[in-house]
file query-v3.cif (mmCIF, C-alpha atoms)
data_run
loop_
_atom_site.label_atom_id
_atom_site.label_comp_id
_atom_site.auth_asym_id
_atom_site.auth_seq_id
_atom_site.Cartn_x
_atom_site.Cartn_y
_atom_site.Cartn_z
CA MET X 1 29.14 65.08 -111.98
CA PRO X 2 30.34 63.29 -115.12
CA SER X 3 28.44 60.18 -116.12
CA ILE X 4 31.53 57.95 -116.01
CA ILE X 5 32.15 58.83 -112.36
CA GLN X 6 28.52 58.13 -111.48
CA ASP X 7 28.67 54.81 -113.35
CA MET X 8 31.88 53.87 -111.54
CA GLY X 9 30.30 54.83 -108.20
CA ARG X 10 27.24 52.66 -108.91
CA TRP X 11 29.50 49.77 -109.95
CA LEU X 12 31.60 50.08 -106.76
CA TYR X 13 28.44 50.30 -104.64
CA ALA X 14 27.09 47.12 -106.27
CA ARG X 15 30.39 45.32 -105.61
CA ALA X 16 30.32 46.43 -101.97
CA GLU X 17 26.80 44.98 -101.72
CA ASN X 18 28.13 41.74 -103.27
CA VAL X 19 30.92 41.56 -100.69
CA LEU X 20 28.41 42.17 -97.89
CA ALA X 21 26.10 39.44 -99.27
CA ALA X 22 29.06 37.03 -99.46
CA MET X 23 29.90 37.77 -95.82
CA LEU X 24 26.29 37.09 -94.82
CA ALA X 25 26.24 33.85 -96.81
CA THR X 26 29.53 32.76 -95.23
CA MET X 27 28.22 33.50 -91.75
CA PHE X 28 25.00 31.59 -92.47
CA VAL X 29 26.76 28.50 -93.88
CA VAL X 30 29.25 28.40 -91.00
CA PHE X 31 26.40 28.79 -88.52
CA ILE X 32 24.58 25.79 -90.07
CA VAL X 33 27.82 23.77 -89.98
CA GLN X 34 28.19 24.68 -86.31
CA ILE X 35 24.66 23.47 -85.54
CA ILE X 36 25.19 20.21 -87.42
CA PHE X 37 28.48 19.45 -85.70
CA ARG X 38 27.32 20.47 -82.23
CA TYR X 39 23.80 19.04 -82.08
CA LEU X 40 23.69 16.26 -84.66
CA LEU X 41 27.23 14.90 -84.50
CA ASN X 42 27.94 15.91 -80.88
CA LEU X 43 31.32 17.30 -81.94
CA PRO X 44 31.54 20.97 -80.96
CA ILE X 45 33.99 22.91 -83.09
CA GLY X 46 35.31 26.38 -82.28
CA TRP X 47 36.41 27.69 -85.66
CA THR X 48 32.80 28.09 -86.77
CA HIS X 49 32.04 30.42 -83.89
CA GLU X 50 35.20 32.37 -84.65
CA ILE X 51 34.26 32.85 -88.30
CA SER X 52 30.71 33.87 -87.36
CA VAL X 53 31.97 36.56 -84.99
CA VAL X 54 34.51 37.85 -87.52
CA MET X 55 31.89 37.94 -90.28
CA TRP X 56 29.47 39.81 -88.01
CA LEU X 57 32.10 42.39 -87.09
CA TRP X 58 33.12 42.93 -90.69
CA MET X 59 29.51 42.98 -91.94
CA VAL X 60 28.49 45.71 -89.52
CA LEU X 61 31.51 47.95 -90.08
CA PHE X 62 31.99 47.31 -93.81
CA GLY X 63 28.27 47.63 -94.44
CA THR X 64 28.01 50.89 -92.49
CA ALA X 65 31.07 52.32 -94.22
CA PHE X 66 30.23 51.37 -97.82
CA VAL X 67 26.67 50.09 -98.26
CA VAL X 68 24.24 51.79 -95.88
CA ARG X 69 23.11 55.13 -97.30
CA ASP X 70 22.71 58.17 -95.11
CA ASP X 71 18.92 58.13 -95.42
CA GLU X 72 18.91 54.54 -94.12
CA ASP X 73 20.63 55.41 -90.84
CA ILE X 74 18.72 55.15 -87.61
CA ARG X 75 18.16 58.64 -86.30
CA PHE X 76 16.82 60.29 -83.20
CA ASP X 77 14.61 62.46 -85.31
CA ILE X 78 12.09 64.13 -83.02
CA PHE X 79 13.81 67.48 -83.52
CA TYR X 80 15.38 66.70 -86.90
CA GLY X 81 12.06 65.61 -88.41
CA ALA X 82 10.35 68.77 -87.17
CA ALA X 83 13.02 71.09 -88.55
CA ARG X 84 12.94 72.52 -92.06
CA GLY X 85 15.35 74.28 -94.38
CA LYS X 86 18.25 76.09 -92.74
CA ALA X 87 17.59 74.63 -89.28
CA LYS X 88 17.81 71.08 -90.66
CA ARG X 89 20.97 71.92 -92.59
CA ALA X 90 22.49 73.44 -89.44
CA MET X 91 21.74 70.24 -87.51
CA VAL X 92 23.39 68.16 -90.24
CA LEU X 93 26.39 70.49 -90.34
CA ILE X 94 26.92 70.51 -86.56
CA THR X 95 26.47 66.75 -86.26
CA SER X 96 28.71 65.96 -89.22
CA LEU X 97 31.53 68.24 -88.11
CA THR X 98 31.32 66.87 -84.56
CA LEU X 99 31.62 63.32 -85.87
CA VAL X 100 34.51 64.29 -88.15
CA ALA X 101 36.32 65.85 -85.19
CA LEU X 102 35.75 62.82 -82.95
CA PHE X 103 36.76 60.26 -85.59
CA ALA X 104 39.78 62.33 -86.65
CA TYR X 105 40.87 62.82 -83.03
CA SER X 106 40.64 59.08 -82.32
CA LEU X 107 42.18 57.91 -85.62
CA PRO X 108 45.86 57.97 -84.55
CA ALA X 109 45.06 55.93 -81.43
CA VAL X 110 42.94 53.53 -83.48
CA ILE X 111 45.75 52.98 -85.97
CA ASP X 112 48.27 52.48 -83.16
CA TYR X 113 46.01 49.93 -81.47
CA ILE X 114 45.37 48.04 -84.69
CA ALA X 115 49.14 47.93 -85.35
CA PHE X 116 49.78 46.80 -81.77
CA MET X 117 47.32 43.90 -82.14
CA LYS X 118 49.63 42.12 -84.61
CA VAL X 119 51.08 40.30 -81.62
CA GLU X 120 47.80 38.46 -80.92
CA LYS X 121 46.11 35.74 -82.97
CA THR X 122 42.69 34.14 -82.85
CA ALA X 123 42.34 30.92 -80.89
CA TYR X 124 41.37 28.49 -83.64
CA LEU X 125 42.30 29.91 -87.02
CA LYS X 126 45.40 31.83 -85.83
CA ILE X 127 44.43 34.96 -87.76
CA ARG X 128 46.32 38.04 -86.59
CA PHE X 129 44.07 40.51 -84.77
CA ASP X 130 45.48 43.46 -86.68
CA TYR X 131 44.00 41.96 -89.85
CA LEU X 132 40.66 41.41 -88.14
CA TYR X 133 40.51 44.87 -86.56
CA SER X 134 41.75 46.69 -89.65
CA ILE X 135 38.13 47.08 -90.72
CA TYR X 136 37.62 49.60 -87.94
CA GLY X 137 40.37 51.83 -89.33
CA ILE X 138 38.78 51.58 -92.78
CA PHE X 139 35.38 52.32 -91.21
CA ALA X 140 36.71 55.38 -89.37
CA VAL X 141 38.29 56.86 -92.51
CA ALA X 142 35.14 56.15 -94.54
CA MET X 143 32.99 57.83 -91.88
CA ILE X 144 35.22 60.90 -91.87
CA ILE X 145 34.87 61.20 -95.64
CA ARG X 146 31.10 60.58 -95.59
CA GLN X 147 30.53 63.12 -92.83
CA LEU X 148 32.69 65.71 -94.64
CA VAL X 149 30.55 65.23 -97.76
CA LEU X 150 27.36 65.63 -95.68
CA ALA X 151 28.77 68.76 -94.04
CA TRP X 152 29.68 70.19 -97.46
CA LYS X 153 26.18 69.54 -98.79
CA ALA X 154 24.58 71.04 -95.70
CA ALA X 155 26.82 74.12 -95.77
CA PHE X 156 25.98 74.87 -99.38
CA GLY X 157 22.24 74.24 -99.21
CA LYS X 158 22.02 70.73 -100.58
CA GLY X 159 21.85 68.72 -97.35
CA GLY X 160 19.00 67.95 -95.01
CA ASP X 161 16.36 66.38 -97.19
CA ASP X 162 12.75 67.28 -96.58
CA PHE X 163 11.49 63.73 -97.02
CA ASP X 164 8.85 62.91 -94.42
CA TYR X 165 9.79 59.51 -92.97
CA SER X 166 6.62 59.40 -90.90
CA LYS X 167 4.54 59.05 -94.08
CA VAL X 168 6.43 56.02 -95.39
CA SER X 169 4.38 52.85 -95.42
CA SER X 170 5.70 49.43 -94.62
CA GLY X 171 4.80 48.13 -98.05
CA VAL X 172 2.53 45.48 -96.54
#
call {"tool": "encode", "arguments": {"input": "query-v3.cif", "output": "structure tokens"}}
result
Amino acid sequence: MPSIIQDMGRWLYARAENVLAAMLATMFVVFIVQIIFRYLLNLPIGWTHEISVVMWLWMVLFGTAFVVRDDEDIRFDIFYGAARGKAKRAMVLITSLTLVALFAYSLPAVIDYIAFMKVEKTAYLKIRFDYLYSIYGIFAVAMIIRQLVLAWKAAFGKGGDDFDYSKVSSGV
């Protein structure tokens, strides 16, 4: 792969991490504001809860789509960890293609539902739900692309790393 494409990929990955960090910081600040208003000033406010929930939703889906690497995923790896070579690649290929099929099958309904939600707004900030839920459509498309890349690597002998996760220390 050309160096410029790799550099651009690293730059985009770093910006996605920055966006995720900004979402976490926003959620934290709003959470502290909520505590101050509710428990110190005895003035409960609802918009802080709304922003916290929106930030959590976007953090999970945006982070999974663009920041979390495949080797950082939580896996049920009793069988996967025991497999080697072609068996591991076959597991990756089957799993990836299954996920691609499921996400692709559900994508039209997801897009229809997101478009339908333009009629609803949040209680406090009056943000349209289609804007809030649009992250799931982005997530679904990103997962289709990521799983297709994994399937490609597995099919051509480059997928299914042989890294032994059971030997990793906690760093403590």
call {"tool": "closest_residue", "arguments": {"input": "query-v3.cif", "among": "X:Gln34, X:Ser3, X:Ser96, X:Thr64", "to": "X:Ala16", "atoms": "all atoms listed in the file"}}
result
X:Thr64
call {"tool": "atom_distance", "arguments": {"input": "query-v3.cif", "atom1": "atom CA of X:Ile51", "atom2": "atom CA of X:Phe37"}}
result
14.8 Å
call {"tool": "atom_distance", "arguments": {"input": "query-v3.cif", "atom1": "atom CA of X:Gly137", "atom2": "atom CA of X:Val54"}}
result
15.3 Å
call {"tool": "resolve_selection", "arguments": {"input": "query-v3.cif", "expression": "the PyMOL selection byres ((chain X and resi 27-33) around 10)", "output": "PDB file with C-alpha atoms, keeping the file's coordinate frame"}}
result
ATOM      1  CA  ALA X  21      26.100  39.440 -99.270  1.00  0.00           C
ATOM      2  CA  ALA X  22      29.060  37.030 -99.460  1.00  0.00           C
ATOM      3  CA  MET X  23      29.900  37.770 -95.820  1.00  0.00           C
ATOM      4  CA  LEU X  24      26.290  37.090 -94.820  1.00  0.00           C
ATOM      5  CA  ALA X  25      26.240  33.850 -96.810  1.00  0.00           C
ATOM      6  CA  THR X  26      29.530  32.760 -95.230  1.00  0.00           C
ATOM      7  CA  GLN X  34      28.190  24.680 -86.310  1.00  0.00           C
ATOM      8  CA  ILE X  35      24.660  23.470 -85.540  1.00  0.00           C
ATOM      9  CA  ILE X  36      25.190  20.210 -87.420  1.00  0.00           C
ATOM     10  CA  PHE X  37      28.480  19.450 -85.700  1.00  0.00           C
ATOM     11  CA  ARG X  38      27.320  20.470 -82.230  1.00  0.00           C
ATOM     12  CA  ILE X  45      33.990  22.910 -83.090  1.00  0.00           C
ATOM     13  CA  TRP X  47      36.410  27.690 -85.660  1.00  0.00           C
ATOM     14  CA  THR X  48      32.800  28.090 -86.770  1.00  0.00           C
ATOM     15  CA  HIS X  49      32.040  30.420 -83.890  1.00  0.00           C
ATOM     16  CA  GLU X  50      35.200  32.370 -84.650  1.00  0.00           C
ATOM     17  CA  ILE X  51      34.260  32.850 -88.300  1.00  0.00           C
ATOM     18  CA  SER X  52      30.710  33.870 -87.360  1.00  0.00           C
ATOM     19  CA  VAL X  53      31.970  36.560 -84.990  1.00  0.00           C
ATOM     20  CA  VAL X  54      34.510  37.850 -87.520  1.00  0.00           C
ATOM     21  CA  MET X  55      31.890  37.940 -90.280  1.00  0.00           C
ATOM     22  CA  TRP X  56      29.470  39.810 -88.010  1.00  0.00           C
ATOM     23  CA  MET X  59      29.510  42.980 -91.940  1.00  0.00           C
TER      24      MET X  59
END
call {"tool": "resolve_selection", "arguments": {"input": "query-v3.cif", "expression": "the PyMOL selection byres ((chain X and resi 147) around 10)", "output": "number ranges by chain"}}
result
X: 70, 92-93, 95-101, 103, 141-146, 148-153
call {"tool": "closest_residue", "arguments": {"input": "query-v3.cif", "among": "X:Leu12, X:Ala109, X:Met91, X:Leu57", "to": "X:Asp77", "atoms": "only C-alpha atoms"}}
result
X:Met91
call {"tool": "atom_distance", "arguments": {"input": "query-v3.cif", "atom1": "atom CA of X:Arg89", "atom2": "atom CA of X:Ala155"}}
result
7.0 Å
call {"tool": "residues_near_point", "arguments": {"input": "query-v3.cif", "point": "(43.0, 49.6, -87.3)", "cutoff": "12 Å", "atoms": "all atoms listed in the file", "output": "VMD selection string"}}
result
chain X and resid 61 106 to 118 129 to 141
call {"tool": "axis_aligned_box", "arguments": {"input": "query-v3.cif", "around": "stretch 78-93 of chain X", "padding_each_side": "5 Å", "output": "lines of an AutoDock Vina configuration file"}}
result
center_x = 18.4
center_y = 70.1
center_z = -88.7
size_x = 26.0
size_y = 22.0
size_z = 21.4
call {"tool": "closest_residue", "arguments": {"input": "query-v3.cif", "among": "X:Phe156, X:Trp58, X:Phe66, X:Tyr39", "to": "X:Arg15", "atoms": "all atoms listed in the file"}}
result
X:Phe66
